[in-house]
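K.L.:
So here's work-v2.cif, just mmCIF, C-alpha atoms and all ligand atoms:
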```cif
data_work
#
loop_
_atom_site.label_atom_id
_atom_site.label_comp_id
_atom_site.auth_asym_id
_atom_site.auth_seq_id
_atom_site.Cartn_x
_atom_site.Cartn_y
_atom_site.Cartn_z
CA MET A 1481 28.09 2.31 -15.64
CA THR A 1482 28.22 -0.62 -13.19
CA LYS A 1483 25.62 -3.32 -13.65
CA PRO A 1484 22.68 -2.66 -11.32
CA ILE A 1485 21.79 -5.20 -8.63
CA SER A 1486 18.77 -7.32 -9.54
CA LEU A 1487 15.91 -7.98 -7.14
CA SER A 1488 16.99 -11.65 -6.92
CA ARG A 1489 20.53 -10.72 -5.94
CA TYR A 1490 19.30 -8.14 -3.42
CA LEU A 1491 17.10 -10.76 -1.73
CA VAL A 1492 19.89 -13.37 -1.62
CA GLU A 1493 22.41 -10.89 -0.20
CA GLU A 1494 19.97 -9.45 2.33
CA GLN A 1495 19.33 -12.99 3.61
CA ARG A 1496 23.05 -13.71 3.76
CA GLU A 1497 23.84 -10.52 5.69
CA ARG A 1498 20.82 -10.16 7.94
CA GLY A 1499 19.01 -13.49 7.82
CA ASN A 1500 15.60 -11.87 7.46
CA ILE A 1501 14.51 -13.43 4.15
CA PRO A 1502 14.17 -17.22 4.45
CA ALA A 1503 13.93 -19.20 1.21
CA GLN A 1504 10.11 -19.36 1.18
CA LEU A 1505 9.82 -15.61 1.68
CA ARG A 1506 12.36 -15.00 -1.07
CA LEU A 1507 10.37 -17.17 -3.44
CA LEU A 1508 7.20 -15.33 -2.41
CA LEU A 1509 8.72 -11.91 -3.13
CA GLU A 1510 10.13 -13.06 -6.47
CA VAL A 1511 6.72 -14.45 -7.44
CA VAL A 1512 4.92 -11.24 -6.43
CA ALA A 1513 7.46 -9.26 -8.49
CA ARG A 1514 6.86 -11.54 -11.48
CA ALA A 1515 3.12 -11.12 -11.14
CA CYS A 1516 3.56 -7.33 -11.01
CA LYS A 1517 5.55 -7.50 -14.23
CA GLY A 1518 2.62 -9.30 -15.83
CA ILE A 1519 0.18 -6.68 -14.52
CA SER A 1520 2.48 -3.93 -15.77
CA HIS A 1521 2.39 -5.40 -19.27
CA ALA A 1522 -1.41 -5.59 -19.20
CA VAL A 1523 -1.64 -1.98 -17.94
CA ASN A 1524 0.72 -0.82 -20.69
CA LYS A 1525 -1.37 -2.38 -23.45
CA GLY A 1526 -4.41 -0.34 -22.43
CA ALA A 1527 -7.14 -0.25 -25.06
CA LEU A 1528 -4.99 -2.44 -27.37
CA GLY A 1529 -5.22 -5.27 -24.86
CA ASP A 1530 -8.93 -4.73 -24.18
CA VAL A 1531 -8.16 -4.24 -20.48
CA LEU A 1532 -9.89 -0.89 -19.91
CA GLY A 1533 -13.41 -0.24 -18.63
CA SER A 1534 -15.77 -1.86 -16.21
CA ALA A 1535 -16.11 -5.60 -15.64
CA GLY A 1536 -19.81 -5.19 -14.85
CA SER A 1537 -19.51 -6.67 -11.34
CA GLU A 1538 -19.13 -5.42 -7.75
CA ASN A 1539 -16.69 -6.45 -5.01
CA VAL A 1540 -17.57 -7.31 -1.42
CA GLN A 1541 -17.46 -3.60 -0.56
CA GLY A 1542 -20.05 -2.70 -3.19
CA GLU A 1543 -17.51 -1.02 -5.47
CA VAL A 1544 -17.79 -1.47 -9.23
CA GLN A 1545 -14.96 -3.69 -10.45
CA LYS A 1546 -12.86 -2.66 -13.43
CA LYS A 1547 -11.53 -5.27 -15.86
CA LEU A 1548 -8.02 -4.60 -14.59
CA ASP A 1549 -9.07 -5.12 -10.94
CA ILE A 1550 -10.03 -8.66 -11.89
CA ILE A 1551 -7.12 -9.31 -14.26
CA ALA A 1552 -4.62 -8.17 -11.60
CA ASN A 1553 -6.31 -10.30 -8.95
CA ASP A 1554 -6.21 -13.39 -11.20
CA VAL A 1555 -2.56 -12.83 -12.12
CA LEU A 1556 -1.57 -12.65 -8.43
CA ILE A 1557 -3.57 -15.75 -7.48
CA GLU A 1558 -2.29 -17.86 -10.39
CA ALA A 1559 1.32 -16.84 -9.84
CA ASN A 1560 1.25 -17.57 -6.12
CA GLU A 1561 -0.87 -20.66 -5.59
CA TRP A 1562 1.48 -23.43 -6.74
CA GLY A 1563 4.91 -22.48 -5.38
CA GLY A 1564 4.54 -24.01 -1.92
CA HIS A 1565 5.35 -20.75 -0.13
CA LEU A 1566 1.82 -19.75 0.84
CA ALA A 1567 -0.94 -21.07 3.04
CA ALA A 1568 -3.57 -18.62 1.81
CA MET A 1569 -4.23 -15.25 0.20
CA ALA A 1570 -6.69 -12.43 0.83
CA SER A 1571 -7.61 -9.65 -1.57
CA GLU A 1572 -9.65 -6.48 -1.62
CA GLU A 1573 -11.43 -7.99 -4.63
CA MET A 1574 -12.42 -11.33 -3.05
CA ASP A 1575 -15.14 -11.82 -0.43
CA ASN A 1576 -13.30 -14.63 1.37
CA ILE A 1577 -9.76 -15.82 1.84
CA TYR A 1578 -8.28 -18.04 -0.89
CA VAL A 1579 -6.74 -21.14 0.65
CA VAL A 1580 -4.03 -22.78 -1.48
CA PRO A 1581 -5.73 -25.79 -3.12
CA ASN A 1582 -4.66 -29.11 -1.62
CA ARG A 1583 -3.17 -30.30 -4.90
CA TYR A 1584 -0.29 -27.94 -4.05
CA PRO A 1585 1.99 -27.92 -0.99
CA GLN A 1586 1.09 -25.37 1.69
CA GLY A 1587 3.67 -22.91 2.96
CA GLU A 1588 3.86 -20.82 6.10
CA TYR A 1589 3.03 -17.37 4.72
CA LEU A 1590 -0.16 -15.39 4.19
CA LEU A 1591 -0.30 -12.88 1.34
CA LEU A 1592 -2.72 -9.95 1.27
CA PHE A 1593 -3.13 -7.54 -1.63
CA ASP A 1594 -4.93 -4.68 -3.24
CA PRO A 1595 -4.41 -6.01 -6.78
CA LEU A 1596 -5.11 -2.72 -8.51
CA ASP A 1597 -5.03 0.48 -6.50
CA GLY A 1598 -6.38 3.68 -8.00
CA SER A 1599 -9.08 2.05 -10.14
CA SER A 1600 -10.62 5.42 -11.03
CA ASN A 1601 -7.38 6.30 -12.83
CA ILE A 1602 -7.14 3.21 -15.07
CA ASP A 1603 -9.20 4.56 -17.94
CA VAL A 1604 -7.57 8.01 -17.90
CA ASN A 1605 -3.94 6.80 -18.12
CA VAL A 1606 -2.84 8.04 -14.69
CA SER A 1607 -0.51 6.05 -12.38
CA ILE A 1608 -2.00 3.04 -10.61
CA GLY A 1609 -0.43 0.22 -8.60
CA THR A 1610 -0.51 -3.05 -6.67
CA ILE A 1611 -0.07 -3.12 -2.87
CA PHE A 1612 0.92 -6.23 -0.91
CA SER A 1613 1.47 -7.33 2.67
CA VAL A 1614 2.96 -10.58 3.98
CA LEU A 1615 2.19 -12.20 7.34
CA GLN A 1616 3.24 -15.48 8.85
CA LYS A 1617 0.60 -18.10 9.54
CA PRO A 1618 0.30 -18.25 13.33
CA GLU A 1619 2.10 -21.19 14.88
CA GLY A 1620 -0.08 -24.07 15.92
CA SER A 1621 -2.92 -23.24 13.54
CA SER A 1622 -3.49 -26.25 11.29
CA ALA A 1623 -6.30 -25.49 8.83
CA VAL A 1624 -5.85 -21.90 7.74
CA SER A 1625 -8.79 -19.59 8.48
CA GLU A 1626 -9.73 -15.93 8.19
CA GLN A 1627 -8.84 -15.56 11.87
CA ASP A 1628 -5.17 -16.27 11.01
CA PHE A 1629 -5.09 -13.08 8.91
CA LEU A 1630 -6.32 -10.84 11.72
CA GLN A 1631 -2.88 -9.74 12.89
CA ALA A 1632 -1.76 -6.19 13.60
CA GLY A 1633 0.35 -4.52 10.90
CA ALA A 1634 3.37 -4.59 13.23
CA LYS A 1635 3.52 -8.34 12.58
CA GLN A 1636 4.13 -7.97 8.83
CA VAL A 1637 7.29 -9.68 7.58
CA ALA A 1638 7.34 -7.97 4.19
CA ALA A 1639 5.31 -5.24 2.50
CA GLY A 1640 5.48 -3.22 -0.65
CA TYR A 1641 3.85 -1.91 -3.76
CA CYS A 1642 4.44 -1.76 -7.48
CA VAL A 1643 3.58 1.53 -9.17
CA TYR A 1644 2.64 1.48 -12.85
CA GLY A 1645 3.62 4.99 -13.86
CA PRO A 1646 6.00 6.51 -16.39
CA GLN A 1647 8.31 3.86 -14.92
CA THR A 1648 7.19 0.62 -13.29
CA MET A 1649 8.79 0.51 -9.84
CA LEU A 1650 8.70 -2.05 -7.05
CA VAL A 1651 9.12 -0.65 -3.54
CA LEU A 1652 9.81 -3.05 -0.73
CA THR A 1653 10.53 -3.43 2.97
CA VAL A 1654 11.42 -6.54 4.95
CA GLY A 1655 11.94 -4.49 8.11
CA ASP A 1656 15.38 -3.24 7.13
CA GLY A 1657 14.58 0.10 5.49
CA VAL A 1658 12.94 0.78 2.16
CA VAL A 1659 14.41 -0.15 -1.22
CA MET A 1660 13.20 0.73 -4.70
CA PHE A 1661 13.61 -1.23 -7.93
CA THR A 1662 12.89 -0.07 -11.47
CA LEU A 1663 11.62 -2.49 -14.11
CA ASP A 1664 14.17 -2.86 -16.88
CA ARG A 1665 11.96 -3.99 -19.76
CA GLU A 1666 14.91 -5.01 -21.94
CA GLN A 1667 16.31 -7.29 -19.23
CA GLY A 1668 12.85 -8.30 -18.02
CA SER A 1669 13.90 -7.80 -14.40
CA PHE A 1670 13.70 -5.31 -11.55
CA ALA A 1671 16.95 -3.44 -10.87
CA LEU A 1672 17.82 -1.78 -7.56
CA THR A 1673 17.68 1.99 -8.09
CA GLN A 1674 17.34 3.42 -4.58
CA GLN A 1675 18.31 2.29 -1.09
CA ASN A 1676 17.93 3.80 2.34
CA VAL A 1677 14.85 5.80 1.34
CA LYS A 1678 14.10 8.57 3.87
CA VAL A 1679 10.97 10.71 4.20
CA PRO A 1680 11.93 14.23 5.33
CA GLU A 1681 10.48 15.00 8.80
CA ASP A 1682 9.04 18.32 7.66
CA THR A 1683 7.07 19.16 4.56
CA GLN A 1684 5.13 21.93 2.86
CA GLU A 1685 2.96 19.62 0.77
CA PHE A 1686 -0.32 17.97 1.77
CA SER A 1687 -2.45 15.41 0.00
CA ILE A 1688 -6.18 15.04 0.67
CA ASN A 1689 -9.41 14.97 -1.33
CA MET A 1690 -10.48 18.57 -0.63
CA SER A 1691 -13.99 18.01 -2.02
CA ASN A 1692 -14.82 16.24 1.26
CA MET A 1693 -13.75 19.18 3.41
CA ARG A 1694 -17.21 20.02 4.75
CA HIS A 1695 -17.56 16.46 6.07
CA TRP A 1696 -14.24 16.21 7.96
CA ALA A 1697 -13.82 16.11 11.73
CA PRO A 1698 -12.62 19.41 13.34
CA PRO A 1699 -8.94 18.36 13.84
CA VAL A 1700 -8.46 17.58 10.13
CA LYS A 1701 -10.29 20.74 9.10
CA ARG A 1702 -8.12 22.78 11.47
CA TYR A 1703 -4.91 21.30 10.08
CA VAL A 1704 -5.83 21.92 6.44
CA ASP A 1705 -7.22 25.41 7.22
CA GLU A 1706 -3.88 26.29 8.77
CA CYS A 1707 -1.98 24.99 5.73
CA LEU A 1708 -4.23 27.06 3.44
CA GLN A 1709 -3.53 30.24 5.43
CA GLY A 1710 0.06 29.94 4.24
CA GLN A 1711 2.73 32.35 5.40
CA ASP A 1712 0.14 34.79 6.78
CA GLY A 1713 -1.28 32.18 9.18
CA VAL A 1714 -0.12 30.29 12.26
CA ARG A 1715 2.18 28.00 10.26
CA GLY A 1716 4.08 30.94 8.82
CA LYS A 1717 4.81 29.13 5.55
CA ASN A 1718 3.04 28.30 2.30
CA PHE A 1719 1.83 24.80 1.46
CA ASN A 1720 1.39 23.07 -1.88
CA MET A 1721 -1.30 20.44 -2.53
CA ARG A 1722 -1.32 17.21 -4.59
CA TRP A 1723 -4.04 14.56 -4.91
CA ILE A 1724 -3.56 11.80 -7.49
CA ALA A 1725 -6.38 9.56 -6.19
CA SER A 1726 -4.10 6.52 -6.38
CA MET A 1727 -2.73 5.89 -2.91
CA VAL A 1728 0.26 4.13 -4.45
CA ALA A 1729 1.22 7.19 -6.47
CA ASP A 1730 0.62 9.63 -3.59
CA VAL A 1731 2.65 7.49 -1.17
CA HIS A 1732 5.41 7.09 -3.75
CA ARG A 1733 5.72 10.86 -4.05
CA ILE A 1734 5.88 11.15 -0.25
CA LEU A 1735 8.64 8.52 -0.07
CA MET A 1736 10.57 10.45 -2.72
CA ARG A 1737 10.20 14.01 -1.44
CA GLY A 1738 8.07 14.10 1.72
CA GLY A 1739 4.50 15.23 2.33
CA ILE A 1740 1.46 14.23 4.31
CA PHE A 1741 -1.34 12.03 2.97
CA MET A 1742 -4.75 11.86 4.61
CA TYR A 1743 -7.89 9.91 3.92
CA PRO A 1744 -9.70 10.68 7.16
CA TRP A 1745 -12.94 9.51 8.73
CA ASP A 1746 -15.81 11.81 7.77
CA GLN A 1747 -19.29 12.41 9.07
CA ARG A 1748 -21.24 11.19 6.04
CA GLU A 1749 -21.07 7.61 7.30
CA PRO A 1750 -20.11 7.98 10.98
CA ASN A 1751 -19.89 4.23 11.56
CA LYS A 1752 -17.44 3.72 8.72
CA GLN A 1753 -13.88 4.14 10.03
CA GLY A 1754 -12.59 5.54 6.73
CA LYS A 1755 -12.38 4.68 3.04
CA LEU A 1756 -9.08 2.85 2.86
CA ARG A 1757 -8.66 -0.75 3.85
CA LEU A 1758 -6.53 -1.58 6.88
CA MET A 1759 -5.12 -4.91 5.70
CA TYR A 1760 -4.55 -4.24 1.99
CA GLU A 1761 -3.66 -0.55 1.92
CA ALA A 1762 -3.04 1.09 5.31
CA ASN A 1763 -0.85 -1.57 6.94
CA PRO A 1764 1.66 -2.12 4.12
CA MET A 1765 1.90 1.62 3.34
CA SER A 1766 2.26 2.51 7.04
CA TRP A 1767 5.12 0.06 7.47
CA LEU A 1768 6.92 1.41 4.39
CA ILE A 1769 6.49 4.98 5.62
CA GLU A 1770 7.72 4.11 9.14
CA GLN A 1771 10.67 2.20 7.70
CA ALA A 1772 11.58 5.38 5.83
CA GLY A 1773 11.43 7.46 9.02
CA GLY A 1774 7.88 8.77 8.61
CA ALA A 1775 4.80 8.19 10.77
CA SER A 1776 1.30 6.82 10.28
CA THR A 1777 -1.75 7.06 12.55
CA ASN A 1778 -5.52 6.99 12.37
CA GLY A 1779 -5.57 10.25 14.35
CA HIS A 1780 -5.60 8.40 17.65
CA GLN A 1781 -3.15 5.53 17.44
CA ARG A 1782 -0.36 4.10 15.34
CA ILE A 1783 -1.97 2.20 12.45
CA LEU A 1784 0.46 -0.71 12.82
CA ASP A 1785 -0.83 -1.29 16.38
CA ILE A 1786 -4.50 -1.68 15.38
CA GLN A 1787 -5.80 -5.17 16.06
CA PRO A 1788 -8.01 -6.00 13.04
CA THR A 1789 -11.39 -7.55 13.74
CA GLN A 1790 -12.44 -8.07 10.10
CA LEU A 1791 -10.59 -8.89 6.91
CA HIS A 1792 -12.08 -6.01 4.91
CA GLU A 1793 -11.92 -3.50 7.77
CA ARG A 1794 -11.51 0.18 6.87
CA VAL A 1795 -9.48 2.80 8.66
CA SER A 1796 -8.80 6.52 8.75
CA VAL A 1797 -5.27 7.20 7.45
CA ILE A 1798 -2.82 10.03 8.19
CA LEU A 1799 0.71 9.24 7.02
CA GLY A 1800 3.94 10.79 5.82
CA SER A 1801 6.43 13.34 7.16
CA LYS A 1802 6.77 12.73 10.89
CA ASN A 1803 6.33 16.22 12.29
CA GLU A 1804 3.17 16.90 10.28
CA VAL A 1805 1.58 13.53 11.13
CA GLU A 1806 2.34 14.16 14.81
CA ARG A 1807 0.75 17.61 14.55
CA VAL A 1808 -2.53 16.29 13.07
CA THR A 1809 -2.58 13.46 15.63
CA ALA A 1810 -2.06 15.95 18.47
CA TYR A 1811 -4.98 18.04 17.15
CA HIS A 1812 -7.19 14.94 17.54
CA ALA A 1813 -6.13 14.53 21.17
CA LYS A 1814 -7.19 18.09 21.98
CA VAL A 1815 -10.80 17.71 20.83
P1 LIG A 1901 -8.99 1.32 -5.00
O1 LIG A 1901 -8.87 1.75 -6.42
O2 LIG A 1901 -8.12 0.15 -4.67
O3 LIG A 1901 -10.42 1.12 -4.56
O4 LIG A 1901 -8.38 2.46 -4.05
C1 LIG A 1901 -8.62 3.81 -4.33
C2 LIG A 1901 -8.31 4.58 -3.09
C3 LIG A 1901 -6.91 5.15 -3.03
O5 LIG A 1901 -6.02 4.63 -3.93
C4 LIG A 1901 -7.08 6.63 -3.26
O6 LIG A 1901 -6.22 7.34 -2.42
C5 LIG A 1901 -8.52 6.89 -2.93
O7 LIG A 1901 -9.20 5.68 -3.06
C6 LIG A 1901 -9.14 7.91 -3.84
O8 LIG A 1901 -10.40 8.21 -3.38
P2 LIG A 1901 -11.29 9.41 -3.96
O9 LIG A 1901 -11.77 8.95 -5.32
O10 LIG A 1901 -12.40 9.51 -2.95
O11 LIG A 1901 -10.44 10.65 -4.03
MN MN A 1902 -6.71 0.73 -3.25
MN MN A 1903 -8.07 -1.84 -5.55
#
```
Would you give me this structure, written as structure tokens?

P.N.:
Amino acid sequence: MTKPISLSRYLVEEQRERGNIPAQLRLLLEVVARACKGISHAVNKGALGDVLGSAGSENVQGEVQKKLDIIANDVLIEANEWGGHLAAMASEEMDNIYVVPNRYPQGEYLLLFDPLDGSSNIDVNVSIGTIFSVLQKPEGSSAVSEQDFLQAGAKQVAAGYCVYGPQTMLVLTVGDGVVMFTLDREQGSFALTQQNVKVPEDTQEFSINMSNMRHWAPPVKRYVDECLQGQDGVRGKNFNMRWIASMVADVHRILMRGGIFMYPWDQREPNKQGKLRLMYEANPMSWLIEQAGGASTNGHQRILDIQPTQLHERVSVILGSKNEVERVTAYHAKV
């Protein structure tokens, strides 16, 4: 068997061939990967590492924080603050942006992350993950501010996630397709295991929390109703359903074999755009899905075109196999 290509080598060669990974960005991606390795080790220890359970605090969105939410956040901050590649970071678990302390050099990138996605699955040993998004600090801005982060997802220069499942895998895009790396624990490094990832345009598998069905808007209800009718209904084919409740794991499955994932707006809190966060979850996942040939909208527009107005903004998400996402989006236009 030929020796697999390491993440470091992939990044160096990608820069050499396409020039889309400058040295600071390469360092950033290597540091994020190293942090994810650390988080993976903590996740793997479970009860033996005293990492399970609640931390007894709440984040800015009023959600109870788990110990691992905080551990993962700390690991990412500590790994990234001193390298000179970042100006600031923003996290789902922190109220405000974290500006690189002035004892360290400041770089030109902004890093955003959901340190631990799928918190409800931590204590039950189901796949969880880390999601990240990289932006460039706008030119001409001197002191970095929250405003600098409010860029549409289309401006991302790198995005990815690490899934802590039966295997720990790092999935990445720098705008040149989607690549997947598997953590080789004996070598202590990520090895390239899949390139040119493609989401099939059609699917017979949908992913949504069905317990919210009575609260959905009519277009989403119509779409799922039609899937449930199976081969006797208008779609003329049967659909399967999966809901892991870790976006990372659901999106990973869709990248591997297709499907449609939805966390839509619902009428319980009409002023809340959705549950998922635009900057930490929807933007990076939407870019990965688009880079793999899929689509992602909020029912009305492409997620990557949304101009954020707040750091912790939420959004309705419909992503995955292109033809299905276009169908649900078209249903919204008809209402
Ligand atoms: P987080 O753990 O970062 O708060 O995100 C959880 C998200 C997402 O990963 C998942 O798709 C969804 O919440 C699950 O929500 P339900 O528990 O409502 O199904
Ligand atoms: Mn999340
Ligand atoms: Mn989270």

K.L.:
From the options A:Ser1726, A:Ser1607, A:Thr1482, A:Asn1560, which residue's atoms come nearest to ligand MN 1903 (chain A), counting only C-alpha atoms and all ligand atoms?

P.N.:
A:Ser1726

K.L.:
For a quick check of understanding, using only C-alpha atoms, which of A:Pro1585, A:Gly1657, A:Gly1533, A:Gly1620 has the smallest distance to A:Val1677?

P.N.:
A:Gly1657

K.L.:
Give me the residues within 10 Å of A:Leu1505 as a list in words, counting all atoms listed in the file and dropping any in the same chain fewer than 2 places off.

P.N.:
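Here the answer would be Leu1491, Asn1500, Ile1501, Pro1502, Ala1503, Leu1507, Leu1508, Leu1509, Glu1510, Val1511, His1565, Leu1566, Gly1587, Glu1588, Tyr1589, Val1614, Gln1616, Val1637, Ala1638 and Val1654 of chain A.
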
K.L.:
Mind giving me the axis-aligned box for stretch 1619-1630 of chain A with 4 Å on every side, centre plus edges in Å to one decimal, as AutoDock Vina command-line options?

P.N.:
```
--center_x -3.8 --center_y -18.5 --center_z 11.8 --size_x 19.8 --size_y 23.4 --size_z 16.2
```

K.L.:
Taking all atoms listed in the file into account, which residues have an atom no farther than 10 Å from ligand LIG 1901 (chain A)? I'd like them as a PyMOL selection string.

P.N.:
chain A and resi 1539+1541+1543-1546+1549+1572-1573+1593-1602+1608-1611+1687-1692+1723-1731+1741-1743+1755-1757+1760-1761+1797

K.L.:
Using all atoms listed in the file, can you tell me which of A:Gln1675, A:Ser1534, A:Gln1631, A:Gln1711 comes closest to A:Thr1662?

P.N.:
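Closest to A:Thr1662 of all the choices is A:Gln1675.
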
K.L.:
Restricting the calculation to only C-alpha atoms: of A:Met1660, A:Leu1615, A:Met1759, A:Ala1513, which residue gets closest to A:Lys1635?

P.N.:
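Smallest separation from A:Lys1635 among the options: A:Leu1615.
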
K.L.:
Could you tell me which of A:Leu1592, A:Lys1483, A:Thr1809, A:Asn1553 comes closest to A:Asp1628 if we count all atoms listed in the file?

P.N.:
A:Leu1592

K.L.:
Mind pulling up the distance from atom CA of A:Gly1754 to atom CA of A:Tyr1578?

P.N.:
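Here the two named atoms are 25.2 Å from each other.
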
K.L.:
Check the smallest atom-to-atom distance from each of A:Gln1586, A:Ser1669, A:Met1693, A:Glu1804 to A:Arg1715 using all atoms listed in the file, then report the winner.

P.N.:
A:Glu1804

K.L.:
Can you pull out every residue within 9 Å of A:Cys1516, counting all atoms listed in the file, but drop anything in the same chain fewer than 6 positions away, and send it as a ChimeraX atom specification?

P.N.:
/A:1552,1555-1556,1609-1610,1642,1650

K.L.:
Neighbouring residues of stretch 1697-1707 of chain A were defined as those with any atom within 8 Å, considering all atoms listed in the file; residues of the same chain fewer than 5 positions away were excluded. Please report them as a ChimeraX atom specification.

P.N.:
/A:1713-1715,1717-1719,1744-1747,1808,1811-1812,1815

K.L.:
Report the distance between atom CA of A:Tyr1644 and atom CA of A:Leu1532 in Å, rounded to one decimal place.

P.N.:
14.6 Å

K.L.:
Within 12 Å of (-6.0, -8.3, 15.8) (coordinates as in the file), grab all the protein and nucleic acid residues, counting all atoms listed in the file, and write them out as a PyMOL selection string.

P.N.:
chain A and resi 1626-1635+1758-1759+1783-1791+1793
